[in-house]
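Shown next, in structure tokens, is the structure this report addresses.
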Amino acid sequence: MKKYDKDTSAHAVVLQEFGRSKFDVVTGEDTRLIFEYHVKIKIFDNKGFDYGTIQIPVYHDTDNPDAYENVEEISGVTYYTDDKGAVKEIELENKKIYPVLENKRWSNYKFTMPGMRNGCVIEYKYKLISPYFDNLHPWHFQDYIPKIYSEYEVHVPAYWHYNFSLKGGLKLTKSSATFERDCYTAPGGSINGANGGASNANAVDCSLLVYGMSDIPAFLKEDFMTSSKNYLSAINSELIDYMSPYTMLRKNQTKEWKDIDLILKKSIYFGSQLKKTSLFKDRIVPVIAGMDNDLSKAKAVYLYIQKLFKWDGGDDFLSIDGLSNAITKHSGNAGEINMSLVVALNAAGLKAEPVLLSTRENGTINSLYPVINDFNYVIVNIDIAGQNYLLDATDPLLSFGMLPMRCLNGRGRIINPDGQSDWQDINPPQKQKTTRTLDFTLQPNGKLRGTFVRYSTGYDAYIKRIAIKKFNTIDEYTDDFNSKSPKIKVLKAEILNADTLDQPLIEKYDLEVDIADKLNGDRLAVNPFFWDRIDVNPFKLEDRSYPVDLGMPSDERLTFIIHLSDSYIVETPPQAIAIGMPNNGGKFITNYQQENNSLIFSHIIQLNNPTYRPDEYPYLKEFYNKIIQSEKGEIILKRK
């Protein structure tokens with residue numbers, strides 16, 4: 001196979017993929033959930049080589065050695081054709097397979113298939129053994145490369161009762177449910193009559209479920225979307241109830257949210273940590289000394305925690321080692337930093353609560369089926385004079401009340417230590433907003449000379465501050481700005497409020513710009529967008545079946561002024577445009593006016609919604625087509 005006919009752009013294709021989940025007694029009387037995986041993948045070119053590097057994640061409870069997941073029987077073969085046309089095989093060596101500890105709860109078994117080359121076929125399989133029956137292995141039919149066939153087989157003994165659900169927009173081509181006799185031998189008693197009178201008194205029947213899907217297209221990830229796992233076609237399951245093979249007692253596994261709340265409040269890694277106000281009681285006194293305003297106190301405590309800790313990059317809502325240890329190290333994960341913020345605010349006499357959430361990359365939370373592992377992050381909610389503020393102290397460049405983009409993912413759950421917990425929309429009043437003003441005078445040599453001022457507020461200011469902090473000094477930042485275009489010469493630069501997070505970031509530049517193209521000797525062509533021009537439409541699909549998630553509204557404004565000499569007039573002014581999206585979703589407006597010898601051009605792009613539905617996608621796509629077309633336009637100046 002030289003290419004996959006149903007997707008000729010594919011760099012690899014899954015020829016066949018098979019998975020099986022079953023229950024078995026593996027050591028003594030320990031029942032384990034066993035997941036087997038087997039796949040063959042055709043690699044067309046070196047851009048498909050990434051699919052020859054495999055990671056198998058396994059969970060381990062640091063406090064319970066019996067709760068570890070294990071991977072066994074990993075094997076692999078790479079097939080290729082040599083120069084003489086003979087098929088050769090290279091087997092994966094065991095010494096090339098190694099576990100990597102990612103954090104205190106996860107490891108990865110990693111290996112790379114040997115002999116990768118264009119046109120090869122790789123085949124590998126493994127067995128994952130897990131003690132976690134409530135986490136029946138999910139099956140992902142869809143991936144970033146196409147699949148010819150994928151099948152998942154599940155053997156569920158009568159002791160266990162699951163709900164299965166298909167997620168995503170693709171349909172199954174195979175779905176069956178049958179009974180298996182004596183498929184599982186219980187280590188203890190048996191369900192009366194479950195084996196239909198079989199000779200083995202401890203053997204029980206199973207439900208055999210088979211799900212298959214053919215000709216699965218590659219998932220196309222586009223800009224402005226949350227985690228792909230929200231949209232990839234997959235089979236998920238939820239444990240409803242089960243009967244213990246050891247005690248023969250039936251237990252309802254389905255929890256309500258109040259059960260999850262209680263577990264968290266009692267957890268030594270969460271609820272117990274939130275009670276340790278003594279850790280900050282003495283530390284906070286000088287921080288809020290002389291302040292009688294709750295908002296001022298909250299901002300001071302927030303700034304103190306930002307400076308106290310350095311985020312280690314970990315997305316978690318627990319503190320395995322405890323807040324005291326994190327304070328000593330001045331470093332911690334998101335859970336440790338933001339739980340410290342909760343404790344510090346409460347120590348200051350303010351009422352703060354943790355808010356559990358799932359980050360954008362982690363996927364959305366299914367609020368119908370309470371699963372504690374859906375959460376992977378925590379932020380802080382504080383009520384001051386009837387107004388709620390959501391806080392995240394992991395980043396020293398985040399202003400009070402602003403959240404990083406990773407947190408803008410639907411809803412979070414406020415954990416009230418003294419009362420009932422509840423849901424809260426993660427929708428802080430932040431937006432991306434930039435205003436640019438360019439005020440130039442046309443020089444006799446055809447160059448423009450004048451000032452460029454950029455006001456960045458909200459999330460745009462945060463992004464700009466990140467860019468500035470990558471340099472040792474502001475001078476280095478402006479030098480880099482100067483070097484990006486040979487046609488722009490920075491004569492003077494000034495940046496205000498780089499460290500004052502609650503104020504707009506202001507950049508001021510005196511520039512000389514050679515952006516005027518000469519036409520026929522007596523004409524000049526000027527484009528106002530000599531940088532920051534939108535050249536590519538971020539929305540390319542013909543149709544989109546999932547929302548466009550921008551995270552927040554945005555507002556971008558540009559005013560371009562040219563003062564002309566008496567020797568030039570405007571021959572071709574910029575086109576005036578006024579476009580609005582349906583349901584007040586946004587607007588694009590350009591306007592032109594001339595006052596004496598000055599040309600004034602304004603340009604506004606507003607997107608009013610943080611998300612847009614799939615049926616609004618065509619309007620959004622055309623909206624950007626109009627913007628791109630407009631920003632290519634030139635102003636033609638003619639010599640008198």
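Ordering of the structure tokens sets the chain letters (A, B, ...); residue numbers start at 1 within each chain; ligands are numbered from 1 in the order shown.
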
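Non-sequential neighbours of Tyr126 of chain A (distance at most 9 Å, separation of 4 or more positions within a chain, only C-alpha atoms) are Phe35, Glu36, Tyr37, His38, Val71, Glu72, Glu73, Ile74, Ser75 and Gly76 of chain A.
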
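Residues in contact range of Asn381 of chain A, defined as at most 10 Å between only C-alpha atoms, with sequence neighbours fewer than 6 positions away removed, read Val342, Lys351, Ala352, Glu353, Pro354, Val355, Asn388, Tyr389, Leu390, Leu391, Asp392, Gly401, Ile414, Ile415 and Gln424 of chain A.
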
I need the residues from that last selection saved to file as a PDB file, in the first residue's frame (with N, CA, C and O atoms), if you can.
ATOM      1  N   VAL A 342      -6.403  29.688  49.439  1.00  0.00           N
ATOM      2  CA  VAL A 342      -7.647  29.569  50.219  1.00  0.00           C
ATOM      3  C   VAL A 342      -7.353  29.706  51.705  1.00  0.00           C
ATOM      4  O   VAL A 342      -8.009  30.479  52.432  1.00  0.00           O
ATOM      5  N   LYS A 351     -13.610  35.034  53.444  1.00  0.00           N
ATOM      6  CA  LYS A 351     -14.249  33.740  53.169  1.00  0.00           C
ATOM      7  C   LYS A 351     -13.887  33.300  51.754  1.00  0.00           C
ATOM      8  O   LYS A 351     -14.391  33.855  50.775  1.00  0.00           O
ATOM      9  N   ALA A 352     -13.005  32.330  51.663  1.00  0.00           N
ATOM     10  CA  ALA A 352     -12.582  31.796  50.369  1.00  0.00           C
ATOM     11  C   ALA A 352     -12.866  30.303  50.320  1.00  0.00           C
ATOM     12  O   ALA A 352     -12.817  29.605  51.341  1.00  0.00           O
ATOM     13  N   GLU A 353     -13.146  29.802  49.122  1.00  0.00           N
ATOM     14  CA  GLU A 353     -13.464  28.389  48.933  1.00  0.00           C
ATOM     15  C   GLU A 353     -12.738  27.855  47.705  1.00  0.00           C
ATOM     16  O   GLU A 353     -12.543  28.587  46.728  1.00  0.00           O
ATOM     17  N   PRO A 354     -12.358  26.584  47.736  1.00  0.00           N
ATOM     18  CA  PRO A 354     -11.759  25.981  46.543  1.00  0.00           C
ATOM     19  C   PRO A 354     -12.825  25.646  45.512  1.00  0.00           C
ATOM     20  O   PRO A 354     -13.955  25.311  45.855  1.00  0.00           O
ATOM     21  N   VAL A 355     -12.443  25.748  44.241  1.00  0.00           N
ATOM     22  CA  VAL A 355     -13.334  25.390  43.134  1.00  0.00           C
ATOM     23  C   VAL A 355     -12.614  24.344  42.278  1.00  0.00           C
ATOM     24  O   VAL A 355     -11.590  24.646  41.653  1.00  0.00           O
ATOM     25  N   ASN A 388     -18.372  37.997  43.352  1.00  0.00           N
ATOM     26  CA  ASN A 388     -17.495  36.841  43.328  1.00  0.00           C
ATOM     27  C   ASN A 388     -16.262  37.093  42.473  1.00  0.00           C
ATOM     28  O   ASN A 388     -16.353  37.652  41.381  1.00  0.00           O
ATOM     29  N   TYR A 389     -15.113  36.665  42.966  1.00  0.00           N
ATOM     30  CA  TYR A 389     -13.871  36.729  42.217  1.00  0.00           C
ATOM     31  C   TYR A 389     -13.296  35.314  42.133  1.00  0.00           C
ATOM     32  O   TYR A 389     -13.247  34.592  43.138  1.00  0.00           O
ATOM     33  N   LEU A 390     -12.858  34.931  40.948  1.00  0.00           N
ATOM     34  CA  LEU A 390     -12.194  33.655  40.749  1.00  0.00           C
ATOM     35  C   LEU A 390     -10.700  33.916  40.587  1.00  0.00           C
ATOM     36  O   LEU A 390     -10.297  34.757  39.785  1.00  0.00           O
ATOM     37  N   LEU A 391      -9.871  33.173  41.337  1.00  0.00           N
ATOM     38  CA  LEU A 391      -8.447  33.468  41.417  1.00  0.00           C
ATOM     39  C   LEU A 391      -7.606  32.231  41.133  1.00  0.00           C
ATOM     40  O   LEU A 391      -7.993  31.106  41.455  1.00  0.00           O
ATOM     41  N   ASP A 392      -6.438  32.463  40.546  1.00  0.00           N
ATOM     42  CA  ASP A 392      -5.436  31.428  40.324  1.00  0.00           C
ATOM     43  C   ASP A 392      -4.078  32.076  40.545  1.00  0.00           C
ATOM     44  O   ASP A 392      -3.677  32.982  39.806  1.00  0.00           O
ATOM     45  N   GLY A 401      -8.434  38.347  39.825  1.00  0.00           N
ATOM     46  CA  GLY A 401      -9.713  38.130  39.150  1.00  0.00           C
ATOM     47  C   GLY A 401      -9.594  37.586  37.744  1.00  0.00           C
ATOM     48  O   GLY A 401     -10.613  37.384  37.073  1.00  0.00           O
ATOM     49  N   ILE A 414     -17.722  24.301  43.524  1.00  0.00           N
ATOM     50  CA  ILE A 414     -17.284  24.940  44.760  1.00  0.00           C
ATOM     51  C   ILE A 414     -17.453  23.958  45.907  1.00  0.00           C
ATOM     52  O   ILE A 414     -18.539  23.429  46.129  1.00  0.00           O
ATOM     53  N   ILE A 415     -16.374  23.691  46.613  1.00  0.00           N
ATOM     54  CA  ILE A 415     -16.419  22.797  47.765  1.00  0.00           C
ATOM     55  C   ILE A 415     -16.521  23.651  49.022  1.00  0.00           C
ATOM     56  O   ILE A 415     -15.554  24.295  49.439  1.00  0.00           O
ATOM     57  N   GLN A 424     -20.551  26.176  39.762  1.00  0.00           N
ATOM     58  CA  GLN A 424     -20.386  27.584  39.400  1.00  0.00           C
ATOM     59  C   GLN A 424     -19.811  27.683  37.997  1.00  0.00           C
ATOM     60  O   GLN A 424     -18.870  26.957  37.648  1.00  0.00           O
TER      61      GLN A 424
END

Discussion item. If we count only C-alpha atoms and set the cut-off at 10 Å, which residues sit around Trp531 of chain A, ignoring sequence neighbours fewer than 4 positions away in its own chain? Please answer as a PyMOL selection string.
Written reply: chain A and resi 484-485+488+527

Worksheet item: Residues at most 12 Å from Gly19 of chain A, counting only C-alpha atoms, excluding those fewer than 2 positions away in the same chain, as a PyMOL selection string?
Response: chain A and resi 16-17+21-22+34-39+125-128+137-141+149-155+209-212+235

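The residues of segment 19-58 of chain A that DSSP assigns to strand (DSSP E or B) on this backbone come out as Gly19, Arg20, Ser21, Lys22, Phe23, Asp24, Val25, Val26, Thr27, Asp30, Thr31, Arg32, Leu33, Ile34, Phe35, Glu36, Tyr37, His38, Val39, Lys40, Ile41, Lys42, Ile43, Thr53, Ile54, Gln55, Ile56, Pro57 and Val58 of chain A.
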
Practice prompt. Excluding Pro429 of chain A and residues on its chain fewer than 3 positions from it, collect all residues at most 12 Å away from it, counting only C-alpha atoms, and give them as number ranges by chain.
Written response: A: 387-391, 400-403, 408, 425-426, 432, 458-459, 551-554, 610

Worksheet item: With distances taken over only C-alpha atoms, which of A:Ile365, A:Leu318, A:Ala67, A:Leu398 is nearest to Lys265 of chain A?
Response: A:Leu318
